[in-house]
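Here is the file model_31.cif (mmCIF, C-alpha atoms).
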data_structure
loop_
_atom_site.label_atom_id
_atom_site.label_comp_id
_atom_site.auth_asym_id
_atom_site.auth_seq_id
_atom_site.Cartn_x
_atom_site.Cartn_y
_atom_site.Cartn_z
CA MET Y 480 -89.51 -71.73 44.13
CA GLU Y 481 -90.92 -74.67 46.03
CA LEU Y 482 -87.68 -75.48 47.86
CA LEU Y 483 -87.61 -71.99 49.34
CA ASP Y 484 -91.20 -72.34 50.57
CA ARG Y 485 -90.40 -75.75 52.05
CA TYR Y 486 -87.39 -74.25 53.81
CA LEU Y 487 -89.49 -71.43 55.30
CA GLN Y 488 -92.20 -73.87 56.28
CA ALA Y 489 -89.62 -75.94 58.18
CA ILE Y 490 -88.28 -72.81 59.91
CA LYS Y 491 -91.81 -71.92 61.02
CA THR Y 492 -92.08 -75.27 62.81
CA PHE Y 493 -89.30 -74.15 65.14
CA LEU Y 494 -90.30 -70.51 65.58
CA THR Y 495 -92.02 -69.43 68.76
CA GLY Y 496 -93.83 -66.19 69.54
CA LYS Y 497 -96.30 -64.07 67.66
CA ASN Y 498 -94.10 -62.53 64.91
CA GLN Y 499 -93.58 -65.79 63.04
CA ASP Y 500 -95.16 -64.74 59.75
CA ASP Y 501 -93.33 -61.42 59.79
CA ILE Y 502 -89.98 -63.14 60.37
CA LEU Y 503 -90.70 -65.61 57.57
CA LEU Y 504 -91.61 -62.83 55.14
CA GLU Y 505 -88.36 -61.05 55.88
CA LEU Y 506 -86.31 -64.25 55.55
CA ARG Y 507 -88.04 -64.95 52.27
CA GLU Y 508 -87.15 -61.51 50.98
CA SER Y 509 -83.54 -61.97 52.09
CA LEU Y 510 -83.25 -65.35 50.36
CA LEU Y 511 -84.83 -63.99 47.18
CA SER Y 512 -82.32 -61.12 47.22
CA GLN Y 513 -79.47 -63.60 47.58
CA ILE Y 514 -80.81 -65.65 44.67
CA GLU Y 515 -81.27 -62.52 42.58
CA GLU Y 516 -77.70 -61.41 43.22
CA LYS Y 517 -76.25 -64.80 42.31
CA GLU Y 518 -78.32 -64.89 39.15
CA LYS Y 519 -77.06 -61.43 38.24
CA VAL Y 520 -73.46 -62.58 38.65
CA LEU Y 521 -74.05 -65.77 36.65
CA GLY Y 522 -76.21 -64.06 34.04
CA ARG Y 523 -78.76 -66.92 34.15
CA PRO Y 524 -81.29 -68.44 36.55
CA LEU Y 525 -79.91 -70.74 39.26
CA ASN Y 526 -80.15 -74.45 38.55
CA PRO Y 527 -81.70 -76.70 41.24
CA ASP Y 528 -78.30 -77.69 42.69
CA GLU Y 529 -77.19 -74.06 43.02
CA ALA Y 530 -80.47 -73.09 44.65
CA GLU Y 531 -80.11 -76.01 47.05
CA ASN Y 532 -76.54 -74.96 47.94
CA LEU Y 533 -77.65 -71.41 48.61
CA ILE Y 534 -80.37 -72.58 50.97
CA ARG Y 535 -78.01 -75.04 52.67
CA GLU Y 536 -75.52 -72.23 53.34
CA ASN Y 537 -78.21 -70.35 55.27
CA GLY Y 538 -78.24 -73.14 57.86
CA PRO Y 539 -80.65 -75.85 59.00
CA PRO Y 540 -84.16 -74.58 59.80
CA PHE Y 541 -83.94 -75.12 63.55
CA MET Y 542 -80.71 -73.08 63.76
CA VAL Y 543 -82.19 -70.22 61.73
CA ALA Y 544 -85.29 -70.18 63.93
CA ALA Y 545 -83.23 -70.36 67.13
CA ARG Y 546 -81.53 -67.05 66.32
CA PHE Y 547 -84.88 -65.29 66.44
CA GLY Y 548 -85.76 -66.62 69.87
CA PRO Y 549 -85.63 -64.40 72.95
CA HIS Y 550 -82.61 -64.60 75.24
CA ARG Y 551 -83.03 -67.59 77.54
CA SER Y 552 -80.87 -68.21 80.55
CA LEU Y 553 -82.04 -71.75 81.39
CA ILE Y 554 -81.67 -73.33 77.93
CA GLY Y 555 -79.52 -71.49 75.38
CA PRO Y 556 -80.34 -70.77 71.72
CA THR Y 557 -78.40 -73.78 70.38
CA LEU Y 558 -80.24 -76.34 72.46
CA PHE Y 559 -83.57 -74.57 72.60
CA PRO Y 560 -84.96 -75.83 69.24
CA PHE Y 561 -84.21 -79.43 70.26
CA TYR Y 562 -85.80 -78.83 73.65
CA TRP Y 563 -88.89 -77.23 72.10
CA LEU Y 564 -89.31 -80.08 69.64
CA ALA Y 565 -88.78 -82.73 72.32
CA LEU Y 566 -91.22 -80.97 74.67
CA LYS Y 567 -93.99 -80.80 72.07
CA LEU Y 568 -93.45 -84.38 70.96
CA MET Y 569 -93.27 -85.83 74.46
CA LEU Y 570 -96.31 -83.89 75.64
CA PHE Y 571 -98.28 -85.05 72.62
CA ILE Y 572 -97.32 -88.70 73.14
CA ALA Y 573 -97.99 -88.44 76.89
CA LEU Y 574 -101.37 -86.88 76.24
CA VAL Y 575 -102.43 -89.59 73.81
CA PHE Y 576 -101.40 -92.33 76.26
CA GLN Y 577 -103.05 -90.58 79.20
CA LEU Y 578 -106.27 -90.10 77.24
CA ILE Y 579 -106.33 -93.76 76.24
CA ALA Y 580 -105.58 -94.89 79.81
CA ALA Y 581 -108.17 -92.51 81.27
CA SER Y 582 -110.79 -93.64 78.73
CA ILE Y 583 -110.18 -97.27 79.66
CA ARG Y 584 -110.57 -96.43 83.35
CA VAL Y 585 -113.76 -94.53 82.66
CA VAL Y 586 -115.13 -97.43 80.66
CA VAL Y 587 -114.02 -100.28 82.95
CA ASN Y 588 -114.33 -98.71 86.41
CA SER Y 589 -116.55 -95.70 85.68
CA ASP Y 590 -113.67 -93.72 87.23
CA THR Y 591 -113.44 -90.20 85.84
CA SER Y 592 -110.69 -89.06 88.24
CA ALA Y 593 -108.01 -90.17 85.75
CA LEU Y 594 -109.29 -87.59 83.25
CA PHE Y 595 -108.82 -84.76 85.73
CA ALA Y 596 -105.35 -85.98 86.66
CA ILE Y 597 -104.11 -85.54 83.07
CA PRO Y 598 -103.04 -81.84 83.41
CA SER Y 599 -100.87 -82.53 86.46
CA LYS Y 600 -99.25 -85.52 84.74
CA LEU Y 601 -98.49 -83.40 81.66
CA LEU Y 602 -97.03 -80.69 83.87
CA PHE Y 603 -94.76 -83.29 85.45
CA GLU Y 604 -93.62 -84.42 81.98
CA ALA Y 605 -92.85 -80.81 81.00
CA VAL Y 606 -90.89 -80.21 84.21
CA TRP Y 607 -88.63 -83.23 83.82
CA ILE Y 608 -87.94 -82.59 80.13
CA THR Y 609 -87.06 -78.96 80.94
CA GLY Y 610 -84.87 -80.10 83.82
CA LEU Y 611 -83.07 -82.62 81.63
CA PHE Y 612 -82.26 -80.03 78.94
CA ALA Y 613 -81.20 -77.47 81.56
CA VAL Y 614 -78.70 -80.03 82.93
CA VAL Y 615 -77.36 -80.74 79.41
CA GLU Y 616 -77.06 -76.99 78.76
CA TYR Y 617 -75.18 -76.49 82.00
CA ALA Y 618 -72.86 -79.44 81.27
CA LEU Y 619 -72.09 -78.14 77.75
CA SER Y 620 -71.33 -74.62 78.94
CA PHE Y 621 -69.31 -75.94 81.91
CA ALA Y 622 -67.18 -78.09 79.59
CA ASN Y 623 -67.05 -75.23 77.03
CA VAL Y 624 -68.28 -77.61 74.34
CA LYS Y 625 -69.52 -76.18 71.07
CA LEU Y 626 -71.93 -78.30 69.06
CA LYS Y 627 -70.69 -78.96 65.56
CA PRO Y 628 -72.90 -77.89 62.66
CA ILE Y 629 -75.20 -80.72 61.70
CA PRO Y 630 -74.94 -81.79 58.06
CA TRP Y 631 -78.28 -81.37 56.39
CA SER Y 632 -79.80 -81.36 52.93
CA PRO Y 633 -82.62 -79.06 51.77
CA LYS Y 634 -83.85 -82.02 49.70
CA SER Y 635 -84.93 -83.71 52.93
CA LEU Y 636 -87.26 -80.83 53.86
CA PRO Y 637 -90.90 -81.89 54.25
CA LYS Y 638 -93.35 -81.22 51.44
CA LEU Y 639 -95.53 -78.12 51.50
CA ARG Y 640 -98.80 -78.17 53.39
CA ARG Y 641 -101.27 -75.51 52.42
CA ASP Y 642 -104.10 -73.90 54.36
CA THR Y 643 -105.40 -77.07 55.94
CA LYS Y 644 -106.75 -75.14 58.92
CA ILE Y 645 -108.90 -72.62 57.08
CA ALA Y 646 -112.51 -73.18 58.13
CA SER Y 647 -114.90 -74.19 55.38
CA ARG Y 648 -118.21 -72.35 55.05
CA THR Y 649 -120.10 -75.66 55.22
CA GLU Y 650 -118.45 -76.55 58.53
CA SER Y 651 -119.26 -73.13 59.99
CA VAL Y 652 -122.91 -73.28 58.86
CA ALA Y 653 -123.23 -76.84 60.18
CA SER Y 654 -121.85 -75.73 63.55
CA ILE Y 655 -124.48 -72.97 63.75
CA VAL Y 656 -127.37 -75.18 62.61
CA PHE Y 657 -126.53 -78.08 64.95
CA GLY Y 658 -125.88 -75.69 67.83
CA LEU Y 659 -129.25 -73.96 67.35
CA ALA Y 660 -131.05 -77.29 66.93
CA GLY Y 661 -129.44 -78.51 70.13
CA LEU Y 662 -130.53 -75.36 71.96
CA VAL Y 663 -134.11 -75.67 70.75
CA TRP Y 664 -134.19 -79.32 71.75
CA LEU Y 665 -132.68 -78.64 75.16
CA ARG Y 666 -135.04 -75.73 75.88
CA THR Y 667 -138.34 -77.11 74.65
CA LEU Y 668 -138.62 -80.72 73.65
CA PRO Y 669 -136.46 -83.25 75.50
CA ASN Y 670 -139.25 -85.13 77.32
CA SER Y 671 -141.66 -85.26 74.42
CA ILE Y 672 -139.03 -86.53 71.95
CA PHE Y 673 -137.21 -89.13 73.97
CA LEU Y 674 -139.89 -90.32 76.30
CA ALA Y 675 -142.98 -89.97 74.12
CA GLY Y 676 -145.32 -92.87 74.82
CA GLN Y 677 -143.36 -93.84 77.96
CA PRO Y 678 -145.40 -91.99 80.62
CA ASP Y 679 -143.88 -93.90 83.56
CA LEU Y 680 -140.25 -93.18 82.65
CA THR Y 681 -138.22 -90.09 83.52
CA PHE Y 682 -134.67 -88.83 83.14
CA ALA Y 683 -132.18 -89.67 85.90
CA PRO Y 684 -130.85 -86.79 88.08
CA ILE Y 685 -127.55 -86.64 86.13
CA TRP Y 686 -129.37 -84.90 83.28
CA SER Y 687 -130.49 -81.98 85.42
CA MET Y 688 -126.88 -81.67 86.66
CA MET Y 689 -125.54 -81.61 83.11
CA TYR Y 690 -128.36 -79.52 81.61
CA ARG Y 691 -126.71 -76.09 81.92
CA PHE Y 692 -123.38 -77.47 80.71
CA PHE Y 693 -125.02 -78.71 77.51
CA ILE Y 694 -126.77 -75.35 77.04
CA VAL Y 695 -123.39 -73.56 77.30
CA LEU Y 696 -121.84 -76.08 74.91
CA ALA Y 697 -124.59 -75.53 72.34
CA ILE Y 698 -124.25 -71.72 72.61
CA ALA Y 699 -120.47 -72.03 72.26
CA GLY Y 700 -120.97 -74.11 69.10
CA VAL Y 701 -123.21 -71.44 67.58
CA VAL Y 702 -120.81 -68.61 68.52
CA ARG Y 703 -117.86 -70.56 67.07
CA GLY Y 704 -119.75 -71.15 63.84
CA ILE Y 705 -120.65 -67.46 63.50
CA VAL Y 706 -117.07 -66.32 64.19
CA LEU Y 707 -115.67 -68.76 61.61
CA LEU Y 708 -118.28 -67.75 59.07
CA ILE Y 709 -117.12 -64.14 59.34
CA ARG Y 710 -113.41 -64.86 59.90
CA SER Y 711 -112.70 -68.14 58.12
CA HIS Y 712 -108.96 -67.31 58.00
CA TRP Y 713 -108.63 -67.32 61.79
CA ALA Y 714 -106.78 -70.62 61.59
CA ALA Y 715 -105.59 -70.63 65.20
CA PHE Y 716 -109.09 -69.89 66.50
CA ASN Y 717 -110.47 -72.65 64.28
CA VAL Y 718 -108.26 -75.42 65.63
CA TRP Y 719 -108.10 -74.26 69.26
CA SER Y 720 -111.85 -73.71 69.57
CA HIS Y 721 -112.42 -77.11 67.95
CA LEU Y 722 -110.12 -78.64 70.53
CA ALA Y 723 -111.89 -76.82 73.37
CA MET Y 724 -115.34 -77.95 72.17
CA ASN Y 725 -114.25 -81.56 71.79
CA ALA Y 726 -112.48 -81.56 75.17
CA ALA Y 727 -115.61 -80.14 76.85
CA THR Y 728 -117.77 -82.76 75.14
CA LEU Y 729 -115.37 -85.50 76.28
CA VAL Y 730 -115.67 -84.29 79.88
CA ALA Y 731 -119.47 -84.18 79.58
CA PHE Y 732 -119.65 -87.70 78.12
CA SER Y 733 -117.33 -88.99 80.84
CA PHE Y 734 -119.54 -87.51 83.56
CA LEU Y 735 -122.61 -89.03 81.95
CA LEU Y 736 -120.94 -92.43 81.67
CA HIS Y 737 -119.90 -92.24 85.29
CA ALA Y 738 -123.57 -91.80 86.31
CA GLY Y 739 -124.40 -95.42 85.36
CA ALA Y 740 -128.16 -94.85 84.86
CA TRP Y 741 -129.84 -92.33 82.63
CA PHE Y 742 -133.50 -93.35 82.72
CA SER Y 743 -135.52 -94.24 85.79
CA VAL Y 744 -139.09 -95.21 86.64
CA LEU Y 745 -141.47 -92.70 88.21
CA SER Y 746 -142.40 -93.49 91.82
CA THR Y 747 -146.06 -93.13 90.79
CA SER Y 748 -145.80 -95.93 88.22
CA SER Y 749 -148.62 -98.51 88.44
CA ASN Y 750 -146.67 -101.28 86.67
CA ARG Y 751 -143.19 -100.84 88.15
CA PRO Y 752 -141.50 -104.17 87.11
CA HIS Y 753 -142.55 -103.67 83.49
CA TRP Y 754 -141.18 -100.11 83.32
CA GLU Y 755 -138.01 -101.02 85.21
CA ALA Y 756 -137.28 -103.65 82.54
CA ILE Y 757 -137.74 -101.01 79.83
CA ALA Y 758 -135.57 -98.50 81.74
CA GLY Y 759 -132.89 -101.20 82.17
CA ALA Y 760 -132.86 -101.97 78.44
CA LEU Y 761 -132.69 -98.28 77.59
CA ASN Y 762 -129.80 -97.78 80.05
CA ARG Y 763 -127.85 -100.67 78.52
CA VAL Y 764 -128.24 -99.27 74.99
CA PHE Y 765 -127.35 -95.80 76.24
CA TYR Y 766 -124.27 -97.13 78.03
CA TYR Y 767 -122.78 -98.56 74.84
CA GLY Y 768 -123.68 -95.41 72.94
CA LEU Y 769 -121.86 -93.29 75.51
CA LEU Y 770 -118.92 -95.67 75.54
CA VAL Y 771 -118.46 -95.20 71.81
CA GLY Y 772 -118.94 -91.47 72.35
CA VAL Y 773 -116.17 -91.26 75.00
CA ILE Y 774 -113.70 -93.24 72.86
CA GLY Y 775 -114.57 -91.21 69.77
CA MET Y 776 -114.21 -87.90 71.58
CA ALA Y 777 -110.87 -88.96 73.13
CA ALA Y 778 -109.61 -89.75 69.63
CA ALA Y 779 -110.95 -86.41 68.35
CA VAL Y 780 -109.20 -84.51 71.16
CA ALA Y 781 -105.93 -86.32 70.42
CA TRP Y 782 -106.24 -85.47 66.73
CA ASP Y 783 -106.99 -81.80 67.50
CA LEU Y 784 -103.93 -81.64 69.75
CA TYR Y 785 -101.83 -83.13 66.98
CA ARG Y 786 -103.03 -80.35 64.67
CA CYS Y 787 -102.59 -77.62 67.28
CA PHE Y 788 -99.13 -78.36 68.62
CA SER Y 789 -96.95 -80.36 66.35
CA PHE Y 790 -97.60 -79.72 62.77
CA SER Y 791 -98.58 -76.15 62.02
CA SER Y 792 -99.41 -75.50 58.38
CA PHE Y 793 -97.73 -73.04 56.11
CA PRO Y 794 -99.16 -69.55 56.65
CA ARG Y 795 -101.51 -68.32 53.96
CA SER Y 796 -99.60 -65.05 53.78
CA LEU Y 797 -96.53 -66.86 52.47
CA THR Y 798 -97.97 -68.81 49.62
CA ARG Y 799 -96.86 -67.70 46.18
CA SER Y 800 -100.34 -66.59 45.23
CA THR Y 801 -100.32 -63.81 47.82
CA LEU Y 802 -96.70 -62.73 47.70
CA PRO Y 803 -95.14 -60.53 45.10
CA VAL Y 804 -92.14 -62.47 43.76
CA MET I 23 -58.84 -71.87 69.95
CA ASP I 24 -62.44 -71.95 71.18
CA GLN I 25 -61.54 -69.42 73.81
CA LEU I 26 -60.03 -67.06 71.23
CA GLU I 27 -63.11 -67.44 69.06
CA ASN I 28 -65.38 -66.64 72.00
CA LEU I 29 -63.37 -63.52 72.86
CA ARG I 30 -63.37 -62.43 69.24
CA LEU I 31 -67.15 -62.87 69.01
CA GLU I 32 -67.61 -60.96 72.22
CA LEU I 33 -65.49 -58.08 70.90
CA ARG I 34 -67.34 -58.04 67.58
CA ARG I 35 -70.80 -58.17 69.13
CA GLY I 36 -70.72 -54.69 70.62
CA CYS I 37 -69.04 -53.24 67.54
CA LEU I 38 -71.70 -54.74 65.26
CA VAL I 39 -74.48 -53.02 67.15
CA LEU I 40 -72.66 -49.74 66.80
CA ALA I 41 -71.98 -50.33 63.09
CA VAL I 42 -75.61 -51.25 62.38
CA LEU I 43 -76.92 -48.21 64.21
CA ALA I 44 -74.43 -45.98 62.41
CA GLN I 45 -75.31 -47.44 59.01
CA LEU I 46 -79.03 -47.04 59.61
CA GLN I 47 -78.81 -43.29 59.83
CA LYS I 48 -79.68 -43.86 56.19
CA GLU I 49 -82.63 -46.15 55.45
CA HIS I 50 -81.84 -49.73 54.38
CA TYR I 51 -83.55 -53.07 54.08
CA GLY I 52 -81.80 -56.14 55.48
CA TYR I 53 -80.01 -57.23 52.35
CA THR I 54 -78.64 -53.80 51.34
CA LEU I 55 -77.62 -53.11 54.92
CA ARG I 56 -75.61 -56.32 54.99
CA LYS I 57 -73.99 -55.45 51.69
CA SER I 58 -73.09 -51.92 52.76
CA LEU I 59 -71.56 -53.24 55.99
CA ALA I 60 -69.58 -55.81 54.02
CA GLU I 61 -68.35 -53.12 51.64
CA SER I 62 -67.08 -51.21 54.68
CA GLY I 63 -65.18 -54.31 55.78
CA LEU I 64 -67.63 -55.60 58.37
CA GLU I 65 -69.02 -58.98 57.27
CA ILE I 66 -72.17 -60.09 59.08
CA ASP I 67 -74.27 -63.12 58.20
CA GLU I 68 -78.05 -63.05 57.84
CA GLY I 69 -78.50 -65.25 60.86
CA THR I 70 -76.94 -62.56 63.03
CA LEU I 71 -78.21 -59.47 61.26
CA TYR I 72 -81.97 -60.09 61.15
CA PRO I 73 -82.36 -61.09 64.81
CA LEU I 74 -80.18 -58.09 65.74
CA LEU I 75 -82.39 -55.74 63.74
CA ARG I 76 -85.48 -57.10 65.45
CA ARG I 77 -83.90 -56.77 68.87
CA LEU I 78 -82.87 -53.16 68.23
CA GLU I 79 -86.35 -52.37 66.96
CA THR I 80 -87.92 -53.94 70.07
CA GLN I 81 -85.63 -51.74 72.15
CA GLY I 82 -86.98 -48.69 70.33
CA LEU I 83 -83.66 -47.84 68.63
CA LEU I 84 -84.92 -48.60 65.12
CA VAL I 85 -88.18 -48.15 63.27
CA SER I 86 -89.22 -50.22 60.29
CA GLU I 87 -91.90 -50.39 57.63
CA TRP I 88 -92.84 -52.81 54.85
CA ARG I 89 -92.70 -51.13 51.46
CA GLU I 90 -92.71 -52.29 47.88
CA GLU I 91 -89.55 -51.84 45.84
CA ASP I 92 -88.75 -53.48 42.51
CA LYS I 93 -92.12 -55.27 42.67
CA ARG I 94 -91.19 -56.94 45.97
CA LYS I 95 -92.18 -56.10 49.50
CA LYS I 96 -89.19 -55.26 51.66
CA ARG I 97 -88.80 -54.23 55.25
CA PHE I 98 -86.94 -50.95 55.54
CA TYR I 99 -85.17 -49.99 58.76
CA ARG I 100 -83.87 -46.65 59.97
CA LEU I 101 -82.71 -45.09 63.19
CA SER I 102 -85.42 -43.79 65.53
CA PRO I 103 -84.92 -40.50 67.43
CA GLN I 104 -84.10 -42.56 70.52
CA GLY I 105 -81.69 -44.62 68.41
CA ALA I 106 -79.96 -41.48 67.14
CA GLU I 107 -79.48 -40.25 70.69
CA THR I 108 -78.19 -43.67 71.81
CA LEU I 109 -75.84 -43.86 68.83
CA SER I 110 -74.18 -40.53 69.66
CA LEU I 111 -73.72 -41.60 73.30
CA LEU I 112 -72.32 -44.99 72.27
CA LEU I 113 -69.98 -43.43 69.72
CA ALA I 114 -68.63 -41.05 72.37
CA GLU I 115 -68.08 -44.05 74.65
CA TRP I 116 -66.45 -46.04 71.86
CA ARG I 117 -64.06 -43.15 71.00
CA LEU I 118 -63.10 -42.88 74.66
CA ILE I 119 -62.42 -46.64 74.92
CA ASN I 120 -60.53 -46.60 71.63
CA SER I 121 -58.28 -43.71 72.60
CA SER I 122 -57.60 -45.30 76.00
CA LEU I 123 -56.74 -48.58 74.34
CA VAL I 124 -54.42 -46.90 71.83
CA GLN I 125 -52.77 -45.05 74.68
CA ILE I 126 -52.22 -48.29 76.66
CA VAL I 127 -50.88 -50.20 73.67
CA ASP I 128 -48.61 -47.33 72.58
CA ALA I 129 -47.25 -46.91 76.11
CA ASN I 130 -46.47 -50.64 76.31
CA GLU I 131 -44.81 -50.66 72.90
CA THR I 132 -42.49 -47.82 73.96
CA VAL I 133 -41.18 -50.02 76.80
CA GLY I 134 -40.56 -52.90 74.39
CA ILE I 135 -43.72 -55.01 74.63
CA ASN I 136 -44.54 -56.32 71.16
CA TYR I 137 -48.13 -57.30 70.28
CA GLY I 138 -47.28 -58.84 66.95
CA THR I 139 -49.11 -58.09 63.73
CA ALA I 140 -52.36 -59.98 64.26
#
Structure encoded using C-alpha cells:
Amino acid sequence: MELLDRYLQAIKTFLTGKNQDDILLELRESLLSQIEEKEKVLGRPLNPDEAENLIRENGPPFMVAARFGPHRSLIGPTLFPFYWLALKLMLFIALVFQLIAASIRVVVNSDTSALFAIPSKLLFEAVWITGLFAVVEYALSFANVKLKPIPWSPKSLPKLRRDTKIASRTESVASIVFGLAGLVWLRTLPNSIFLAGQPDLTFAPIWSMMYRFFIVLAIAGVVRGIVLLIRSHWAAFNVWSHLAMNAATLVAFSFLLHAGAWFSVLSTSSNRPHWEAIAGALNRVFYYGLLVGVIGMAAAVAWDLYRCFSFSSFPRSLTRSTLPV
Amino acid sequence: MDQLENLRLELRRGCLVLAVLAQLQKEHYGYTLRKSLAESGLEIDEGTLYPLLRRLETQGLLVSEWREEDKRKKRFYRLSPQGAETLSLLLAEWRLINSSLVQIVDANETVGINYGTA
C-alpha cells in the first residue's frame, strides 16, 4: 500500500531521536492491523477512499510524530513539530546565504573570517527561533488556547523516496583510489610533477602550511571509502562524512585562496624577471582555478546539508521488499 | 468546557497507566492491547497508547520483543518484574484513593449534597 508508506515517510520527517525506524515499524503494524480488521468487517479489501479515510483518522504526520517526542518544558508537543520544521528550514536557508556571502567575501576581499563566523551566526538564528516559539508556547498556555485540528488529506503526502543515500560501490572504490593517489602524490612527487622543467620556481610557503591538512584529508577519504565499501547501508555515515569532507575541502581552498600567491621564484634564480613573469602567469591561472573550486565546494556543502537535515529518505527497513506484509 | 476536558484528561491519564500495566500482565501487541482495553470499557487511541508503551518500557516497567505472528512482525509487550512490583503498589494506592473518595462522596450525599448522575 503506497499511501501507507507515504504516510510513514512523512511521519519520519518529523520524528527526532534514534528509535525512528522502530517507531515506524510499530506504527506500520498498527495501521495494517486496523486495515485488516476493517476488511474483515466489510468482507472485502478496502477501496482507495476507505484506506485514505483510515489514514486520515490517525492524524496528520506531524501530530503523530509529536506524540513520540520526549517531554519538553520549553516548547510543548503540539508546537514542537512546527518549531523543529521551522528550525531546520531557517538554519538551512541561513547557511546557504551565509556560505554564498562568505564565498563572495573570500573571492572579492580574500577575507576568510566570514567563513569562520558562520557557526556563531547559525547559533544566533537557532536561539531566536527557539525564543520565538517559547514565547508563543507560553502565550498559548497562558491564554489556555487549544489549537484546532488541522484539516489534511493523505492524498497530499509527498511521493516515496527510496534509498537515495545508500553508497554505491563505484563511489566507494573511487574514494579509495583518489585518496591513495592523492597520498602518493603528496608524499613523493609534487615537485617533479608540477614544476618539472621549471628549475627556478618553487612552491609558496602556504603549501607547507597546508601540507599536513591535505595528507589528513586524503587519509580520511581512503578510510571513508573503505568503511562505505564494507557498510554501504550506513546511510547517515555516508551523507555526514561526505559533508565533513566537502566542508574541510572548502576550508582548505579558502585558506589557499587567501594566500594570494602559490608559486614563487627561487632567490638563486639567474634570470629573475623571466621566472617572475612565469610565476605571475601561473598564479593568475591558479587563482581562477581556486575561485571555481571555492564556489563549487560551497555549493557542494550546501547540497550535502540539504540532504542531511531537511529531506531524509525512507528507511530501507520499511520498504515493502524487506517487510513481511 | 476546555477546563472540564483538561480535568477529565488529567484524571484519565493516571488511570490509563494503571490499566495498561494491569492488562500487560498477559502479553499483548499494541493492537490487541488496545482492543482488550476497549472491550473492558477503556477506549484509548493509538496516538496515546504507543507513546505510553514506549515511555513505560523506557522506565523499565515493560519489556518488549519483535516476533512474527500471522506472517507479520509484531512487537509484543509484557510487564517486567519491576513493572509487576510497581503495579501492585499503584493498585494498593488506587484502592486507597478510591475508598477515600467513595467515603467522602457518600458522607456528603447523606447530608443532602447531590452530585447528579454524570
Any chance you could tabulate, as a tab-separated table, the residues of chain Y at most 8 Å from chain I with each one's nearest atom pair and distance in Å to one decimal, using only C-alpha atoms, in chain and rising number order?
residue	atom	partner	partner_atom	distance
Y:Glu505	CA	I:Arg97	CA	6.9
Y:Glu508	CA	I:Lys96	CA	6.6
Y:Ser509	CA	I:Tyr53	CA	5.9
Y:Ser512	CA	I:Tyr53	CA	6.8
Y:Gln513	CA	I:Tyr53	CA	8.0
Y:Asn537	CA	I:Gly69	CA	7.6
Y:Val543	CA	I:Gly69	CA	6.3
Y:Arg546	CA	I:Pro73	CA	6.2
Y:Phe547	CA	I:Pro73	CA	5.2
Y:Pro803	CA	I:Arg94	CA	5.4
Y:Val804	CA	I:Arg94	CA	6.0
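For the pair CA of Leu722 in chain Y and CA of Trp741 in chain Y, the interatomic distance is 26.9 Å.
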Self-check item: Top pick for closest residue to Pro598 in chain Y, considering Y:Leu578, Y:Val615, Y:Ile705, Y:Pro527 and counting all atoms listed in the file
Solution: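 Smallest distance to Pro598 in chain Y is found for Y:Leu578.
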Self-check item: Interatomic distance (Å, one decimal) between CA of Val771 in chain Y and CA of Val701 in chain Y
Solution: 24.6 Å
Quiz prompt | Distance in Å - CA of Gln45 in chain I versus CA of Leu510 in chain Y | solution =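 Separation between CA of Gln45 in chain I and CA of Leu510 in chain Y: 21.4 Å.
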Edge lengths and centre, in Å to one decimal, as AutoDock Vina command-line options: that's what I need for the box along x, y and z that holds all listed atoms of range 111-115 of chain I plus 3 Å on each side.
--center_x -70.9 --center_y -43.0 --center_z 72.2 --size_x 11.6 --size_y 9.9 --size_z 10.9
Quiz prompt | Among listed residues Y:Leu504, Y:Leu564, Y:Leu708, Y:Leu665, nearest Ser687 in chain Y (using all atoms listed in the file) | solution =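 Counting all atoms listed in the file, the residue closest to Ser687 in chain Y is Y:Leu665.
Counting only C-alpha atoms, Glu529 in chain Y has the following residues at most 12 Å away, ignoring those fewer than 6 positions along the same chain: Leu482, Gln513, Ile514, Lys517, Glu518, Leu521, Arg523, Arg535, Glu536 and Pro633 of chain Y.
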With C-alpha atoms retained, could you export that selection as a tab-separated table (two decimals), in the frame of the given file?
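Result file follows (out_33.tsv):
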chain	number	residue	atom	x	y	z
Y	482	LEU	CA	-87.68	-75.48	47.86
Y	513	GLN	CA	-79.47	-63.60	47.58
Y	514	ILE	CA	-80.81	-65.65	44.67
Y	517	LYS	CA	-76.25	-64.80	42.31
Y	518	GLU	CA	-78.32	-64.89	39.15
Y	521	LEU	CA	-74.05	-65.77	36.65
Y	523	ARG	CA	-78.76	-66.92	34.15
Y	535	ARG	CA	-78.01	-75.04	52.67
Y	536	GLU	CA	-75.52	-72.23	53.34
Y	633	PRO	CA	-82.62	-79.06	51.77
Practice problem: Run the PyMOL selection byres ((chain I and resi 42) around 12) mentally over the shown coordinates, then write out the matched residues as a PyMOL selection string, using the chain letters and numbers from the document. | Solution: chain I and resi 34-41+43-52+54-60+62+64-66+70-72+74-79+83-84+99-101+105-106+109
Practice problem: Tell me which residues the PyMOL selection byres ((chain Y and resi 567-569) around 9) grabs here, as a PyMOL selection string. | Solution: chain Y and resi 562-566+570-574+604-605+608+788-789
